file entry16.txt (compact mmCIF, C-alpha atoms and all ligand atoms)
# COMPACT_ATOMS: atom_id res chain seq x y z
CA MET U 30 67.80 265.11 184.62
CA LYS U 31 68.85 262.69 187.36
CA ASP U 32 67.28 259.24 187.64
CA THR U 33 64.30 259.47 189.97
CA LEU U 34 62.09 257.22 192.06
CA TRP U 35 58.50 258.43 192.52
CA ARG U 36 55.57 257.37 194.61
CA GLY U 37 51.94 258.35 194.37
CA THR U 38 48.32 257.32 194.69
CA ALA U 39 45.16 257.16 192.58
CA PHE U 40 41.41 256.99 193.27
CA ASP U 41 41.50 258.66 196.71
CA ASP U 42 44.50 256.70 197.95
CA THR U 43 42.98 253.29 197.24
CA PHE U 44 45.73 252.48 194.72
CA ARG U 45 49.47 252.95 195.30
CA ILE U 46 51.80 253.98 192.47
CA PHE U 47 55.56 253.36 192.31
CA ALA U 48 57.54 254.66 189.34
CA VAL U 49 61.20 254.85 188.39
CA ASP U 50 63.37 256.32 185.67
CA ALA U 51 66.68 254.41 185.77
CA THR U 52 68.21 255.30 182.38
CA GLN U 53 71.56 256.63 183.64
CA THR U 54 71.83 253.97 186.35
CA ALA U 55 71.37 251.23 183.74
CA GLN U 56 73.93 252.91 181.44
CA LYS U 57 76.51 253.04 184.24
CA ALA U 58 75.91 249.35 185.00
CA ARG U 59 76.33 248.52 181.31
CA ASP U 60 79.58 250.46 181.04
CA LEU U 61 81.12 249.21 184.33
CA HIS U 62 80.46 245.54 183.52
CA ASP U 63 80.72 245.79 179.71
CA LEU U 64 77.34 244.06 179.45
CA SER U 65 76.00 242.47 176.26
CA PRO U 66 72.59 243.79 175.08
CA ILE U 67 70.62 240.93 176.68
CA SER U 68 72.52 241.27 179.97
CA THR U 69 71.90 245.03 179.88
CA ILE U 70 68.16 244.37 179.45
CA LEU U 71 68.07 241.97 182.41
CA MET U 72 70.20 244.25 184.59
CA GLY U 73 68.15 247.36 183.68
CA LYS U 74 64.88 245.61 184.55
CA MET U 75 66.35 244.29 187.80
CA ILE U 76 67.58 247.83 188.66
CA SER U 77 64.06 249.24 188.12
CA ALA U 78 62.52 246.39 190.15
CA ALA U 79 65.02 246.76 193.03
CA ALA U 80 64.42 250.53 193.12
CA ILE U 81 60.64 249.94 193.28
CA LEU U 82 61.14 247.35 196.06
CA SER U 83 63.28 249.86 198.01
CA LEU U 84 60.22 252.11 198.47
CA ASP U 85 58.99 249.57 201.05
CA LEU U 86 62.13 249.99 203.22
CA LYS U 87 61.62 251.82 206.50
CA ASN U 88 65.05 252.05 208.18
CA GLU U 89 67.72 254.55 207.04
CA GLN U 90 70.46 251.90 207.04
CA SER U 91 68.48 249.18 205.31
CA ASP U 92 68.78 247.87 201.78
CA VAL U 93 67.02 245.43 199.48
CA SER U 94 68.63 242.83 197.23
CA LEU U 95 66.94 241.25 194.22
CA ARG U 96 68.57 238.00 193.16
CA ILE U 97 67.77 235.80 190.16
CA ASP U 98 69.08 232.23 190.17
CA ALA U 99 68.22 230.42 186.95
CA GLU U 100 69.18 227.21 185.17
CA GLY U 101 69.41 228.71 181.67
CA PRO U 102 72.60 230.11 180.09
CA LEU U 103 71.95 233.71 181.21
CA ASN U 104 72.00 232.31 184.74
CA GLY U 105 70.92 235.42 186.70
CA GLY U 106 72.46 238.10 188.86
CA LEU U 107 72.04 240.39 191.82
CA VAL U 108 71.05 244.04 192.28
CA ILE U 109 71.10 245.90 195.61
CA CYS U 110 69.35 249.22 196.30
CA ASP U 111 69.62 251.08 199.61
CA MET U 112 67.46 253.75 201.27
CA HIS U 113 69.57 256.51 199.76
CA GLY U 114 68.98 255.34 196.19
CA ASP U 115 72.50 253.93 195.77
CA ILE U 116 72.35 250.92 193.46
CA ARG U 117 74.97 248.28 192.66
CA GLY U 118 74.94 244.78 191.23
CA TYR U 119 76.36 242.24 188.84
CA MET U 120 75.26 239.75 186.19
CA ARG U 121 76.62 236.21 186.28
CA ARG U 122 77.04 236.05 182.48
CA PRO U 123 77.78 239.71 181.62
CA GLN U 124 78.83 239.09 177.99
CA PHE U 125 76.26 236.43 177.12
CA GLU U 126 74.63 236.63 173.66
CA THR U 127 72.41 234.16 171.83
CA GLN U 128 72.81 233.13 168.18
CA ALA U 129 69.23 234.06 167.33
CA ALA U 130 69.40 237.87 167.28
CA ALA U 131 65.70 238.37 168.11
CA ASP U 132 66.09 236.30 171.29
CA ASN U 133 68.54 238.87 172.66
CA PHE U 134 65.56 241.05 173.63
CA TYR U 135 64.01 238.44 175.93
CA PRO U 136 66.18 237.57 178.91
CA GLY U 137 63.45 235.30 180.29
CA ARG U 138 63.94 232.81 177.43
CA GLN U 139 67.62 232.52 178.35
CA LEU U 140 66.95 232.23 182.09
CA GLY U 141 64.49 229.34 181.95
CA GLU U 142 63.49 227.86 185.30
CA GLY U 143 64.68 229.68 188.35
CA THR U 144 63.90 231.70 191.42
CA PHE U 145 63.20 235.37 192.19
CA THR U 146 64.52 236.19 195.64
CA VAL U 147 64.11 239.39 197.64
CA ILE U 148 66.29 240.00 200.70
CA LYS U 149 65.70 243.01 202.96
CA SER U 150 68.59 243.76 205.32
CA GLN U 151 68.62 246.14 208.23
CA PRO U 152 71.13 246.68 211.02
CA GLU U 153 70.76 244.71 214.23
CA SER U 154 68.15 242.28 212.98
CA GLN U 155 67.95 239.16 210.86
CA PRO U 156 67.44 239.83 207.13
CA TRP U 157 63.98 239.12 205.72
CA MET U 158 63.97 236.81 202.71
CA GLY U 159 61.19 235.83 200.31
CA SER U 160 61.52 233.66 197.23
CA THR U 161 59.18 232.75 194.38
CA LYS U 162 59.58 230.71 191.19
CA LEU U 163 60.27 232.72 188.03
CA VAL U 164 57.05 233.23 186.06
CA THR U 165 58.44 234.56 182.77
CA GLY U 166 61.90 235.85 183.74
CA GLU U 167 61.00 239.19 182.15
CA ILE U 168 60.99 240.56 185.74
CA ALA U 169 57.75 242.63 185.57
CA GLU U 170 55.50 239.55 185.82
CA ASP U 171 57.88 238.08 188.39
CA LEU U 172 57.68 241.18 190.61
CA ALA U 173 53.86 241.20 190.42
CA HIS U 174 53.80 237.49 191.27
CA PHE U 175 56.19 238.08 194.17
CA TYR U 176 53.89 240.74 195.74
CA MET U 177 50.84 238.50 195.27
CA GLN U 178 52.57 235.54 196.92
CA SER U 179 54.33 237.36 199.75
CA GLU U 180 51.82 240.09 200.64
CA GLN U 181 48.62 239.08 198.80
CA VAL U 182 48.61 242.51 197.11
CA PRO U 183 47.34 242.55 193.49
CA SER U 184 49.96 244.50 191.51
CA ALA U 185 50.38 245.51 187.88
CA VAL U 186 54.00 246.00 186.84
CA ALA U 187 55.54 247.26 183.59
CA LEU U 188 59.28 247.53 183.00
CA GLY U 189 60.83 248.85 179.81
CA ILE U 190 64.36 249.24 178.53
CA LEU U 191 65.77 250.27 175.14
CA VAL U 192 69.34 249.48 174.16
CA ASP U 193 70.76 250.50 170.78
CA GLN U 194 73.44 248.68 168.75
CA ASN U 195 76.19 250.82 170.28
CA ALA U 196 75.27 249.53 173.74
CA LYS U 197 73.73 252.88 174.65
CA VAL U 198 70.74 252.70 176.98
CA ARG U 199 68.22 255.03 175.38
CA ALA U 200 65.65 254.60 178.13
CA CYS U 201 65.07 252.41 181.20
CA ALA U 202 61.97 252.90 183.33
CA GLY U 203 59.17 251.10 185.07
CA PHE U 204 56.10 251.36 187.25
CA MET U 205 53.97 249.32 189.61
CA ILE U 206 50.36 249.94 190.62
CA GLN U 207 48.97 248.19 193.69
CA GLN U 208 45.34 247.76 194.63
CA LEU U 209 44.71 248.25 198.35
CA PRO U 210 42.08 246.13 200.15
CA PHE U 211 39.45 248.89 200.39
CA ALA U 212 39.60 249.83 196.67
CA GLU U 213 36.27 249.77 194.81
CA PRO U 214 36.09 246.94 192.25
CA ALA U 215 34.71 249.32 189.58
CA LYS U 216 37.80 251.51 189.91
CA ALA U 217 40.05 248.48 189.56
CA GLU U 218 38.18 247.55 186.38
CA GLN U 219 38.68 251.04 184.96
CA LEU U 220 42.39 250.84 185.68
CA ILE U 221 42.68 247.34 184.22
CA ALA U 222 40.92 248.54 181.06
CA ASN U 223 43.38 251.43 180.78
CA LEU U 224 46.33 249.12 181.38
CA SER U 225 45.21 246.66 178.72
CA ALA U 226 44.84 249.56 176.26
CA THR U 227 48.38 250.75 177.09
CA PRO U 228 50.94 249.71 174.45
CA ASN U 229 54.19 248.06 175.51
CA LEU U 230 56.19 250.45 177.73
CA SER U 231 59.43 249.97 175.76
CA ASP U 232 57.60 250.82 172.49
CA LEU U 233 56.17 254.01 174.01
CA MET U 234 59.59 255.02 175.31
CA ASP U 235 60.98 254.27 171.84
CA MET U 236 58.59 256.94 170.54
CA GLY U 237 60.21 259.38 172.96
CA MET U 238 57.47 259.38 175.61
CA SER U 239 58.37 260.05 179.23
CA LEU U 240 56.86 258.02 182.06
CA GLN U 241 54.60 260.99 182.92
CA GLU U 242 53.30 261.13 179.35
CA VAL U 243 52.60 257.39 179.41
CA PHE U 244 50.62 257.87 182.65
CA GLU U 245 48.63 260.84 181.37
CA ARG U 246 47.83 259.48 177.93
CA PHE U 247 47.28 255.82 178.76
CA VAL U 248 47.57 254.34 182.25
CA PHE U 249 45.69 257.06 184.19
CA LYS U 250 43.66 258.47 181.31
CA GLY U 251 40.52 259.99 182.86
CA ILE U 252 41.70 259.03 186.36
CA ASP U 253 42.80 261.38 189.16
CA TYR U 254 46.27 260.53 190.36
CA ASN U 255 49.28 262.16 191.97
CA LEU U 256 52.98 261.42 191.78
CA THR U 257 55.78 262.97 193.83
CA PRO U 258 59.54 262.32 193.68
CA ALA U 259 60.73 260.13 196.58
CA ARG U 260 64.49 260.33 195.88
CA ASN U 261 67.15 260.25 193.18
CA ILE U 262 68.82 256.97 192.34
CA SER U 263 72.27 256.31 190.91
CA TYR U 264 74.79 253.52 190.47
CA ARG U 265 77.21 253.82 193.35
CA CYS U 266 79.39 251.17 194.96
CA ASN U 267 80.42 251.42 198.60
CA CYS U 268 83.66 249.43 198.33
CA SER U 269 87.03 250.64 199.67
CA LYS U 270 90.46 249.22 200.52
CA GLU U 271 89.45 249.24 204.21
CA ARG U 272 86.38 247.09 203.47
CA PHE U 273 88.51 244.59 201.55
CA ALA U 274 91.08 244.59 204.38
CA ARG U 275 88.29 243.70 206.84
CA SER U 276 87.17 240.81 204.59
CA LEU U 277 90.76 239.56 204.30
CA LEU U 278 91.04 239.53 208.10
CA THR U 279 87.98 237.27 208.31
CA LEU U 280 89.85 234.63 206.24
CA GLY U 281 92.07 233.89 209.24
CA LEU U 282 95.79 233.84 210.00
CA LYS U 283 96.68 230.69 208.04
CA GLU U 284 95.13 231.93 204.77
CA LEU U 285 96.87 235.30 205.12
CA GLN U 286 100.26 233.69 205.78
CA GLU U 287 99.90 231.86 202.46
CA MET U 288 99.48 235.14 200.52
CA THR U 289 103.23 235.70 200.26
CA ASP U 290 102.94 237.47 196.88
CA GLY U 291 100.19 239.81 198.04
CA ILE U 292 96.71 239.80 196.49
CA THR U 293 94.63 242.07 194.24
CA PRO U 294 90.93 241.48 194.86
CA VAL U 295 88.44 242.93 192.36
CA CYS U 296 85.09 244.36 193.46
CA LEU U 297 82.22 242.27 192.07
CA TYR U 298 79.96 245.34 191.85
CA CYS U 299 82.18 247.97 190.21
CA ASN U 300 85.34 246.14 189.06
CA SER U 301 87.63 248.38 191.16
CA LYS U 302 90.94 246.67 191.95
CA TYR U 303 92.60 246.95 195.38
CA GLU U 304 96.23 245.99 195.55
CA PHE U 305 97.52 244.43 198.77
CA THR U 306 101.33 244.14 198.59
CA PRO U 307 103.25 241.52 200.61
CA GLU U 308 103.95 244.38 203.08
CA ASP U 309 100.20 245.15 203.34
CA ILE U 310 99.53 241.47 204.10
CA LYS U 311 102.31 241.49 206.72
CA GLY U 312 100.64 244.53 208.31
CA LEU U 313 97.29 242.71 208.41
CA ILE U 314 98.90 239.66 210.03
CA GLU U 315 100.57 241.90 212.64
CA SER U 316 97.28 243.65 213.38
CA MET U 317 95.73 240.21 213.92
CA GLU U 318 98.46 239.05 216.23
CA THR U 319 98.33 242.21 218.34
CA ALA U 320 94.50 242.27 218.46
CA PRO U 321 93.12 241.46 221.92
ZN ZN U 401 82.95 248.36 194.28

call {"tool": "encode", "arguments": {"input": "entry16.txt", "output": "structure tokens", "more": "lines below"}}
Ligand SMILES: [Zn+2]
result
Amino acid sequence: MKDTLWRGTAFDDTFRIFAVDATQTAQKARDLHDLSPISTILMGKMISAAAILSLDLKNEQSDVSLRIDAEGPLNGGLVICDMHGDIRGYMRRPQFETQAAADNFYPGRQLGEGTFTVIKSQPESQPWMGSTKLVTGEIAEDLAHFYMQSEQVPSAVALGILVDQNAKVRACAGFMIQQLPFAEPAKAEQLIANLSATPNLSDLMDMGMSLQEVFERFVFKGIDYNLTPARNISYRCNCSKERFARSLLTLGLKELQEMTDGITPVCLYCNSKYEFTPEDIKGLIESMETAP
């Protein structure tokens, strides 16, 4: 089954539900960047969070970036998700591992102080940017905090990811439930009670439970809710030699004239290499000189 992003509601549309299964997307990210287990955990959680954030996008050509900048050794990274469910990103310390094995399950401890930044881009207008301080660095709490700070919407978020010793992502999924302003307090209490009786999402996934089973047996136990697929998601980079050629042109004539041996830029998001021979560079210079 393909990775899927769902949306839904509960209690007569007074609560919004966002859910994502990102197992294959996280695996592709792990393989492309040869991520260590702790980097895979951070990237997988950021992929789920960025996919959830993308459900707020309105314009077909828009995308959302989630960026973590932290002082600790894991440092952070960036994940971008567009309206079509195409996801790409990178970790700043892809191969990082800690000495204490148990700590490799908690990226937040290796991030330390930092910021959680969301950037929404759409064509022909300035990007929107919102930034909050990292709460735990485990991303779920940070996403909930971000929605509370930026939109004053109470949100409950759970993100889970399981990575085995062979760097295989066994499961990566997450959900967010938001309470809308006209929700009845008693309903919120019922949901909070269910959520606090719900075991850790990663542990439930470890037992082989799907997101739907977690919802039915724990989160929405005794509660009417609906969930419909919004779109599929997958790891897909949009780079090409033409895109890199356009970036090279922006460097200016002088820089290009200095690239006498050619240049082989590497895509930050997918590690594809694009070779520009000295002849290619000459061609770029000529196109610059003949441009109006
Ligand atoms: Zn690429």

call {"tool": "closest_atom_pairs", "arguments": {"input": "entry16.txt", "of": "chain U", "to": "ligand ZN 401 (chain U)", "cutoff": "9 Å", "atoms": "all atoms listed in the file", "output": "tab-separated table"}}
result
residue	atom	partner	partner_atom	distance
U:Arg117	CA	U:ZN401	ZN	8.1
U:Arg265	CA	U:ZN401	ZN	8.0
U:Cys266	CA	U:ZN401	ZN	4.6
U:Asn267	CA	U:ZN401	ZN	5.9
U:Cys268	CA	U:ZN401	ZN	4.2
U:Ser269	CA	U:ZN401	ZN	7.1
U:Val295	CA	U:ZN401	ZN	8.0
U:Cys296	CA	U:ZN401	ZN	4.6
U:Leu297	CA	U:ZN401	ZN	6.5
U:Tyr298	CA	U:ZN401	ZN	4.9
U:Cys299	CA	U:ZN401	ZN	4.2
U:Asn300	CA	U:ZN401	ZN	6.2
U:Ser301	CA	U:ZN401	ZN	5.6
U:Lys302	CA	U:ZN401	ZN	8.5

call {"tool": "write_last_selection", "arguments": {"input": "entry16.txt", "atoms": "C-alpha atoms", "output": "compact mmCIF listing (two decimals), keeping the file's coordinate frame"}}
result
# COMPACT_ATOMS: atom_id res chain seq x y z
CA ARG U 117 74.97 248.28 192.66
CA ARG U 265 77.21 253.82 193.35
CA CYS U 266 79.39 251.17 194.96
CA ASN U 267 80.42 251.42 198.60
CA CYS U 268 83.66 249.43 198.33
CA SER U 269 87.03 250.64 199.67
CA VAL U 295 88.44 242.93 192.36
CA CYS U 296 85.09 244.36 193.46
CA LEU U 297 82.22 242.27 192.07
CA TYR U 298 79.96 245.34 191.85
CA CYS U 299 82.18 247.97 190.21
CA ASN U 300 85.34 246.14 189.06
CA SER U 301 87.63 248.38 191.16
CA LYS U 302 90.94 246.67 191.95

call {"tool": "closest_residue", "arguments": {"input": "entry16.txt", "among": "U:Ile262, U:Met72, U:Val248, U:Ala131", "to": "Gly105 of chain U", "atoms": "all atoms listed in the file"}}
result
U:Met72

call {"tool": "atom_distance", "arguments": {"input": "entry16.txt", "atom1": "atom CA of Trp157 of chain U", "atom2": "atom CA of Asp92 of chain U"}}
result
10.7 Å

call {"tool": "residues_around", "arguments": {"input": "entry16.txt", "residues": "Thr146 of chain U", "least_positions_apart": "5", "cutoff": "7 Å", "atoms": "only C-alpha atoms", "output": "count of residues only"}}
result
6

call {"tool": "atom_distance", "arguments": {"input": "entry16.txt", "atom1": "atom CA of Asn104 of chain U", "atom2": "atom CA of Gly143 of chain U"}}
result
8.6 Å

call {"tool": "atom_distance", "arguments": {"input": "entry16.txt", "atom1": "atom CA of Ile190 of chain U", "atom2": "atom CA of Met112 of chain U"}}
result
23.4 Å
